Amino acid sequence: MRCLILSDIHSNLQALEAVLKDAAGAYDAVVCLGDVVGYAADPNAVTDWVRTHVLAIVRGNHDRACTGDPVIDFFGDSAREAAIWTQSTLTDQNRTYLQGLPKGPRLFAGFSLSHGSPRDEDEYVITKSEALDVFLHLPAEVCFFGHTHLQIGFGLRRGRAWVLPPPDLDASQQSYQLEPDAWYLLNPGSVGQPRDADPRAAYALYDTESRLLVLRRVNYDIALAQSRIRQAGLPEYLAHRLAAGH
Ligand code: ZN
C-alpha cells in the first residue's frame with residue numbers, strides 16, 4: 001500500500017492544499033500523526049478534509065488543547081492564544097471529531113503511528129540518543145512519529161542507531177530504501193509549521209510493499225497563510241515564524 005503520511009498540519013490550509021497537489025496520484029491511503037489544528041487560521045477547512053480523507057490517525061497535544069483538555073496549561077503564550085481561538089472557532093462536528101481521536105501508538109498496514117514517541121504521546125524525539133532510548137519501546141519495525149516538526153529519520157540495528165542522511169535543502173525529495181533487518185523511527189516533518197529552517201511544507205510517502213520512504217518538501221503560499229492568521233487576529237509571531245521555518 002502506498003501511504004501519504006501527514007503530521008502537524010496545524011490548521012494551515014494553504015500548506016495542506018500544496019501537499020495534496022504535489023502528492024496527487026502517488027498514494028492509496030492517507031494517515032495523520034496528529035496536531036490537525038492549532039496555530040494557523042483554517043481549523044474547520046483542515047478538519048473537514050481530515051475527517052473525510054484520512055484512514056488512520058492519532059491525536060496530537062494541540063488537538064487535545066483545542067478541545068478542552070488541560071494540556072493547554074503547559075502551552076506557551078502564542079500556542080495558548082491560538083488554542084483558545086480555535087476552541088471558539090471549531091464547528092460542533094469538528095470539535096467532536098477531534099475530541100474522539102485515539103491516543104497513539106496505533107498500528108496501520110503493518111507500521112505504527114504516534115504523535116510524540118510510541119511510549120509517550122507528548123515526548124519529543126529530536127536526537128539520536130533520544131531515538132535510541134525509544135527503540136526499546138517500538139511496537140513495529142517501522143514507526144512514524146511527529147510532534148517535533150523536524151523531518152528526520154533514525155535507524156537501529158543490533159544496538160547501533162544512525163540518522164538517515166538529512167535532506168538537501170535545494171532538493172524537493174530524498175528517497176530511502178528501508179532495510180529488512182533494521183528498525184526505524186521516521187518523522188515526515190510538519191505540513192503546516194516546519195521548524196527545521198526550511199519553510200516549505202513537509203510530508204512523506206511510504207510504500208509498505210517495497211519499503212521505499214520518500215521525504216518531500218513543497219513550496220506553498222506562505223503569504224496567504226500569514227494574512228489568514230493576521231485577519232483572524234492571532235499573534236503576529238505565528239505568521240512570522242512560517243516564513244522563517246522555525
Ligand atoms: Zn505540532
# chains A, B, ... in the order shown; residues from 1 in each chain; ligands from 1

$ closest_atom_pairs --of "chain A" --to "ligand 1" --cutoff "8 Å" --atoms "only C-alpha atoms and all ligand atoms" --output "JSON lines"
{"residue": "A:Ser7", "atom": "CA", "partner": "ligand 1", "partner_atom_place_in_ligand_line": "1 (Zn)", "distance": 7.6}
{"residue": "A:Asp8", "atom": "CA", "partner": "ligand 1", "partner_atom_place_in_ligand_line": "1 (Zn)", "distance": 4.5}
{"residue": "A:Ile9", "atom": "CA", "partner": "ligand 1", "partner_atom_place_in_ligand_line": "1 (Zn)", "distance": 7.5}
{"residue": "A:His10", "atom": "CA", "partner": "ligand 1", "partner_atom_place_in_ligand_line": "1 (Zn)", "distance": 6.6}
{"residue": "A:Gly34", "atom": "CA", "partner": "ligand 1", "partner_atom_place_in_ligand_line": "1 (Zn)", "distance": 7.4}
{"residue": "A:Asp35", "atom": "CA", "partner": "ligand 1", "partner_atom_place_in_ligand_line": "1 (Zn)", "distance": 5.1}
{"residue": "A:Gly38", "atom": "CA", "partner": "ligand 1", "partner_atom_place_in_ligand_line": "1 (Zn)", "distance": 7.9}
{"residue": "A:Gly60", "atom": "CA", "partner": "ligand 1", "partner_atom_place_in_ligand_line": "1 (Zn)", "distance": 7.0}
{"residue": "A:Asn61", "atom": "CA", "partner": "ligand 1", "partner_atom_place_in_ligand_line": "1 (Zn)", "distance": 7.3}
{"residue": "A:His62", "atom": "CA", "partner": "ligand 1", "partner_atom_place_in_ligand_line": "1 (Zn)", "distance": 6.7}
{"residue": "A:Gly146", "atom": "CA", "partner": "ligand 1", "partner_atom_place_in_ligand_line": "1 (Zn)", "distance": 7.2}
{"residue": "A:His147", "atom": "CA", "partner": "ligand 1", "partner_atom_place_in_ligand_line": "1 (Zn)", "distance": 4.7}
{"residue": "A:Thr148", "atom": "CA", "partner": "ligand 1", "partner_atom_place_in_ligand_line": "1 (Zn)", "distance": 6.6}
{"residue": "A:His149", "atom": "CA", "partner": "ligand 1", "partner_atom_place_in_ligand_line": "1 (Zn)", "distance": 6.3}
{"residue": "A:Ser190", "atom": "CA", "partner": "ligand 1", "partner_atom_place_in_ligand_line": "1 (Zn)", "distance": 7.3}
{"residue": "A:Gln193", "atom": "CA", "partner": "ligand 1", "partner_atom_place_in_ligand_line": "1 (Zn)", "distance": 7.7}

$ residues_around --residues "stretch 49-54 of chain A" --least-positions-apart "5" --cutoff "8 Å" --atoms "only C-alpha atoms" --output "PyMOL selection string"
chain A and resi 29-32+36+97

$ closest_residue --among "A:Glu236, A:Asp170, A:Asp22, A:Glu17" --to "A:Asp42" --atoms "only C-alpha atoms"
A:Glu17

$ residues_around --residues "stretch 202-211 of chain A" --least-positions-apart "6" --cutoff "6 Å" --atoms "only C-alpha atoms" --output "JSON list (two decimals) with N, CA, C and O atoms, in the first residue's frame"
[["chain", "number", "residue", "atom", "x", "y", "z"],
["A", 1, "MET", "N", 0.83, -1.20, 0.00],
["A", 1, "MET", "CA", 0.00, 0.00, 0.00],
["A", 1, "MET", "C", 0.87, 1.26, 0.00],
["A", 1, "MET", "O", 1.84, 1.34, 0.74],
["A", 2, "ARG", "N", 0.51, 2.19, -0.85],
["A", 2, "ARG", "CA", 1.26, 3.46, -0.90],
["A", 2, "ARG", "C", 0.56, 4.47, 0.01],
["A", 2, "ARG", "O", -0.59, 4.82, -0.21],
["A", 3, "CYS", "N", 1.28, 4.90, 1.06],
["A", 3, "CYS", "CA", 0.66, 5.76, 2.06],
["A", 3, "CYS", "C", 1.22, 7.17, 2.02],
["A", 3, "CYS", "O", 2.44, 7.37, 1.90],
["A", 4, "LEU", "N", 0.31, 8.13, 2.14],
["A", 4, "LEU", "CA", 0.69, 9.54, 2.31],
["A", 4, "LEU", "C", 0.69, 9.79, 3.81],
["A", 4, "LEU", "O", -0.33, 9.60, 4.48],
["A", 5, "ILE", "N", 1.84, 10.19, 4.35],
["A", 5, "ILE", "CA", 1.98, 10.38, 5.79],
["A", 5, "ILE", "C", 2.03, 11.87, 6.09],
["A", 5, "ILE", "O", 2.98, 12.56, 5.69],
["A", 6, "LEU", "N", 1.02, 12.35, 6.81],
["A", 6, "LEU", "CA", 0.93, 13.77, 7.15],
["A", 6, "LEU", "C", 1.03, 13.94, 8.66],
["A", 6, "LEU", "O", 0.49, 13.13, 9.41],
["A", 178, "LEU", "N", 14.28, 1.30, 2.98],
["A", 178, "LEU", "CA", 14.43, 0.76, 4.33],
["A", 178, "LEU", "C", 14.95, -0.68, 4.24],
["A", 178, "LEU", "O", 14.54, -1.45, 3.38],
["A", 188, "PRO", "N", 7.84, 12.53, 9.26],
["A", 188, "PRO", "CA", 7.63, 13.14, 7.94],
["A", 188, "PRO", "C", 7.82, 14.65, 7.94],
["A", 188, "PRO", "O", 7.80, 15.28, 6.88],
["A", 189, "GLY", "N", 8.01, 15.24, 9.12],
["A", 189, "GLY", "CA", 8.07, 16.69, 9.23],
["A", 189, "GLY", "C", 6.66, 17.26, 9.33],
["A", 189, "GLY", "O", 5.68, 16.53, 9.33],
["A", 190, "SER", "N", 6.58, 18.57, 9.42],
["A", 190, "SER", "CA", 5.29, 19.23, 9.62],
["A", 190, "SER", "C", 4.78, 19.81, 8.31],
["A", 190, "SER", "O", 5.50, 20.52, 7.61],
["A", 191, "VAL", "N", 3.50, 19.51, 8.01],
["A", 191, "VAL", "CA", 2.86, 20.14, 6.85],
["A", 191, "VAL", "C", 2.75, 21.66, 7.09],
["A", 191, "VAL", "O", 3.14, 22.46, 6.25],
["A", 217, "ARG", "N", 9.49, 17.99, 0.22],
["A", 217, "ARG", "CA", 9.22, 19.37, 0.62],
["A", 217, "ARG", "C", 8.57, 20.07, -0.55],
["A", 217, "ARG", "O", 8.93, 19.84, -1.71]]

$ closest_residue --among "A:Pro199, A:Gly68, A:Gly233, A:Gly153" --to "A:Thr127" --atoms "only C-alpha atoms"
A:Gly153

$ select_by_dssp --residues "stretch 94-128 of chain A" --states "alpha helix (DSSP H)" --output "ChimeraX atom specification"
/A:94-99,128

$ residues_around --residues "A:Val134" --least-positions-apart "4" --cutoff "10 Å" --atoms "only C-alpha atoms" --output "MDAnalysis selection string"
chainID A and resid 117:120 123 125 128:130 138 185

$ residues_around --residues "stretch 70-84 of chain A" --least-positions-apart "4" --cutoff "7 Å" --atoms "only C-alpha atoms" --output "MDAnalysis selection string"
chainID A and resid 38:39 65:66 88 234:235

$ write_last_selection --atoms "N, CA and C atoms" --output "short mmCIF file (atom, residue, chain, number, x, y, z; two decimals), in the first residue's frame"
data_model
loop_
_atom_site.label_atom_id
_atom_site.label_comp_id
_atom_site.auth_asym_id
_atom_site.auth_seq_id
_atom_site.Cartn_x
_atom_site.Cartn_y
_atom_site.Cartn_z
N GLY A 38 -4.62 24.08 15.65
CA GLY A 38 -3.71 24.86 16.49
C GLY A 38 -2.76 25.66 15.62
N TYR A 39 -2.48 26.89 16.01
CA TYR A 39 -1.55 27.83 15.36
C TYR A 39 -2.14 28.64 14.20
N ALA A 65 -5.64 20.25 23.26
CA ALA A 65 -5.73 21.59 23.84
C ALA A 65 -6.87 22.42 23.21
N CYS A 66 -7.14 22.16 21.94
CA CYS A 66 -8.16 22.93 21.24
C CYS A 66 -9.56 22.39 21.48
N SER A 88 -13.01 28.32 20.06
CA SER A 88 -14.23 29.11 19.82
C SER A 88 -14.63 29.10 18.35
N LEU A 234 -4.83 36.46 15.26
CA LEU A 234 -3.91 35.58 16.02
C LEU A 234 -2.56 36.28 16.18
N PRO A 235 -1.72 35.84 17.11
CA PRO A 235 -0.43 36.52 17.36
C PRO A 235 0.44 36.63 16.10
#

$ closest_residue --among "A:Ala243, A:Val218, A:Leu33, A:Val142" --to "A:Leu55" --atoms "only C-alpha atoms"
A:Leu33

$ closest_residue --among "A:Asp48, A:Asp221, A:Glu179, A:Asp198" --to "A:Asn94" --atoms "only C-alpha atoms"
A:Asp48

$ closest_residue --among "A:Ala56, A:Leu215, A:Leu90, A:Ala41" --to "A:Gln173" --atoms "only C-alpha atoms"
A:Leu215

$ select_by_dssp --residues "stretch 20-200 of chain A" --states "strand (DSSP E)" --output "number ranges by chain"
A: 29-32, 54-57, 106-108, 111-113, 142-144, 151-157, 160-163, 173-177, 183-188

$ write_last_selection --atoms "N, CA and C atoms" --output "mmCIF file, in the first residue's frame"
data_model
loop_
_atom_site.group_PDB
_atom_site.id
_atom_site.type_symbol
_atom_site.label_atom_id
_atom_site.label_comp_id
_atom_site.auth_asym_id
_atom_site.auth_seq_id
_atom_site.Cartn_x
_atom_site.Cartn_y
_atom_site.Cartn_z
ATOM 1 N N ALA A 29 -3.665 5.605 0.409
ATOM 2 C CA ALA A 29 -4.284 5.868 1.711
ATOM 3 C C ALA A 29 -3.560 7.023 2.383
ATOM 4 N N VAL A 30 -4.309 7.791 3.198
ATOM 5 C CA VAL A 30 -3.711 8.903 3.937
ATOM 6 C C VAL A 30 -3.733 8.578 5.426
ATOM 7 N N VAL A 31 -2.600 8.780 6.094
ATOM 8 C CA VAL A 31 -2.566 8.655 7.550
ATOM 9 C C VAL A 31 -2.067 9.978 8.134
ATOM 10 N N CYS A 32 -2.439 10.226 9.394
ATOM 11 C CA CYS A 32 -2.080 11.507 10.020
ATOM 12 C C CYS A 32 -1.606 11.252 11.442
ATOM 13 N N VAL A 54 -8.767 10.954 5.787
ATOM 14 C CA VAL A 54 -7.695 10.242 6.497
ATOM 15 C C VAL A 54 -8.207 8.901 7.026
ATOM 16 N N LEU A 55 -7.475 7.846 6.723
ATOM 17 C CA LEU A 55 -7.906 6.487 7.075
ATOM 18 C C LEU A 55 -7.482 6.112 8.492
ATOM 19 N N ALA A 56 -6.298 6.554 8.912
ATOM 20 C CA ALA A 56 -5.812 6.226 10.259
ATOM 21 C C ALA A 56 -5.159 7.472 10.838
ATOM 22 N N ILE A 57 -5.471 7.752 12.108
ATOM 23 C CA ILE A 57 -4.989 8.991 12.726
ATOM 24 C C ILE A 57 -4.819 8.785 14.224
ATOM 25 N N ARG A 106 -0.675 3.499 17.300
ATOM 26 C CA ARG A 106 -1.720 2.750 16.621
ATOM 27 C C ARG A 106 -1.083 2.064 15.415
ATOM 28 N N LEU A 107 -1.480 0.831 15.165
ATOM 29 C CA LEU A 107 -0.922 0.113 14.011
ATOM 30 C C LEU A 107 -1.810 0.275 12.794
ATOM 31 N N PHE A 108 -1.180 0.456 11.646
ATOM 32 C CA PHE A 108 -1.910 0.546 10.376
ATOM 33 C C PHE A 108 -1.015 -0.028 9.282
ATOM 34 N N PHE A 111 2.653 -0.807 9.997
ATOM 35 C CA PHE A 111 3.550 0.156 10.654
ATOM 36 C C PHE A 111 2.797 0.864 11.779
ATOM 37 N N SER A 112 3.548 1.626 12.582
ATOM 38 C CA SER A 112 2.964 2.261 13.757
ATOM 39 C C SER A 112 2.888 3.777 13.575
ATOM 40 N N LEU A 113 1.837 4.363 14.135
ATOM 41 C CA LEU A 113 1.669 5.823 14.118
ATOM 42 C C LEU A 113 1.659 6.320 15.558
ATOM 43 N N VAL A 142 8.632 -0.440 11.682
ATOM 44 C CA VAL A 142 8.591 0.903 11.094
ATOM 45 C C VAL A 142 7.580 1.735 11.873
ATOM 46 N N CYS A 143 8.074 2.791 12.512
ATOM 47 C CA CYS A 143 7.214 3.654 13.334
ATOM 48 C C CYS A 143 7.326 5.090 12.846
ATOM 49 N N PHE A 144 6.190 5.684 12.505
ATOM 50 C CA PHE A 144 6.165 7.097 12.134
ATOM 51 C C PHE A 144 5.719 7.910 13.341
ATOM 52 N N GLN A 151 11.775 17.102 9.957
ATOM 53 C CA GLN A 151 11.742 15.966 9.032
ATOM 54 C C GLN A 151 13.054 15.195 9.186
ATOM 55 N N ILE A 152 12.952 14.008 9.803
ATOM 56 C CA ILE A 152 14.170 13.276 10.140
ATOM 57 C C ILE A 152 13.837 11.790 10.331
ATOM 58 N N GLY A 153 14.824 10.940 10.169
ATOM 59 C CA GLY A 153 14.597 9.524 10.413
ATOM 60 C C GLY A 153 15.777 8.915 11.156
ATOM 61 N N PHE A 154 15.476 7.892 11.963
ATOM 62 C CA PHE A 154 16.503 7.167 12.702
ATOM 63 C C PHE A 154 16.361 5.676 12.397
ATOM 64 N N GLY A 155 17.512 5.008 12.257
ATOM 65 C CA GLY A 155 17.506 3.560 12.063
ATOM 66 C C GLY A 155 18.212 2.883 13.223
ATOM 67 N N LEU A 156 17.901 1.618 13.438
ATOM 68 C CA LEU A 156 18.566 0.865 14.506
ATOM 69 C C LEU A 156 18.773 -0.582 14.072
ATOM 70 N N ARG A 157 19.987 -1.056 14.264
ATOM 71 C CA ARG A 157 20.274 -2.470 14.036
ATOM 72 C C ARG A 157 21.292 -2.930 15.073
ATOM 73 N N ARG A 160 22.905 -0.444 17.402
ATOM 74 C CA ARG A 160 23.557 0.728 16.829
ATOM 75 C C ARG A 160 22.508 1.584 16.115
ATOM 76 N N ALA A 161 22.459 2.866 16.486
ATOM 77 C CA ALA A 161 21.479 3.771 15.876
ATOM 78 C C ALA A 161 22.175 4.706 14.897
ATOM 79 N N TRP A 162 21.466 5.126 13.874
ATOM 80 C CA TRP A 162 22.001 6.128 12.953
ATOM 81 C C TRP A 162 20.889 7.066 12.507
ATOM 82 N N VAL A 163 21.326 8.233 12.013
ATOM 83 C CA VAL A 163 20.379 9.213 11.495
ATOM 84 C C VAL A 163 20.368 9.082 9.983
ATOM 85 N N GLN A 173 13.065 16.293 -2.766
ATOM 86 C CA GLN A 173 12.810 14.986 -2.159
ATOM 87 C C GLN A 173 14.066 14.185 -1.891
ATOM 88 N N GLN A 174 13.925 13.290 -0.939
ATOM 89 C CA GLN A 174 15.005 12.386 -0.557
ATOM 90 C C GLN A 174 14.374 11.005 -0.416
ATOM 91 N N SER A 175 14.965 9.993 -1.065
ATOM 92 C CA SER A 175 14.393 8.643 -1.001
ATOM 93 C C SER A 175 15.302 7.726 -0.188
ATOM 94 N N TYR A 176 14.682 6.852 0.600
ATOM 95 C CA TYR A 176 15.440 5.906 1.411
ATOM 96 C C TYR A 176 14.813 4.525 1.253
ATOM 97 N N GLN A 177 15.632 3.547 0.917
ATOM 98 C CA GLN A 177 15.162 2.166 0.880
ATOM 99 C C GLN A 177 15.369 1.580 2.275
ATOM 100 N N TRP A 183 15.242 -1.467 12.379
ATOM 101 C CA TRP A 183 14.045 -0.813 12.922
ATOM 102 C C TRP A 183 14.149 0.679 12.623
ATOM 103 N N TYR A 184 13.000 1.314 12.461
ATOM 104 C CA TYR A 184 13.022 2.723 12.062
ATOM 105 C C TYR A 184 12.027 3.571 12.851
ATOM 106 N N LEU A 185 12.493 4.776 13.193
ATOM 107 C CA LEU A 185 11.645 5.831 13.752
ATOM 108 C C LEU A 185 11.701 6.980 12.745
ATOM 109 N N LEU A 186 10.564 7.298 12.145
ATOM 110 C CA LEU A 186 10.569 8.204 10.991
ATOM 111 C C LEU A 186 9.601 9.356 11.192
ATOM 112 N N ASN A 187 10.081 10.567 10.971
ATOM 113 C CA ASN A 187 9.238 11.756 11.124
ATOM 114 C C ASN A 187 9.076 12.438 9.762
ATOM 115 N N PRO A 188 7.843 12.532 9.258
ATOM 116 C CA PRO A 188 7.635 13.143 7.941
ATOM 117 C C PRO A 188 7.819 14.651 7.935
#
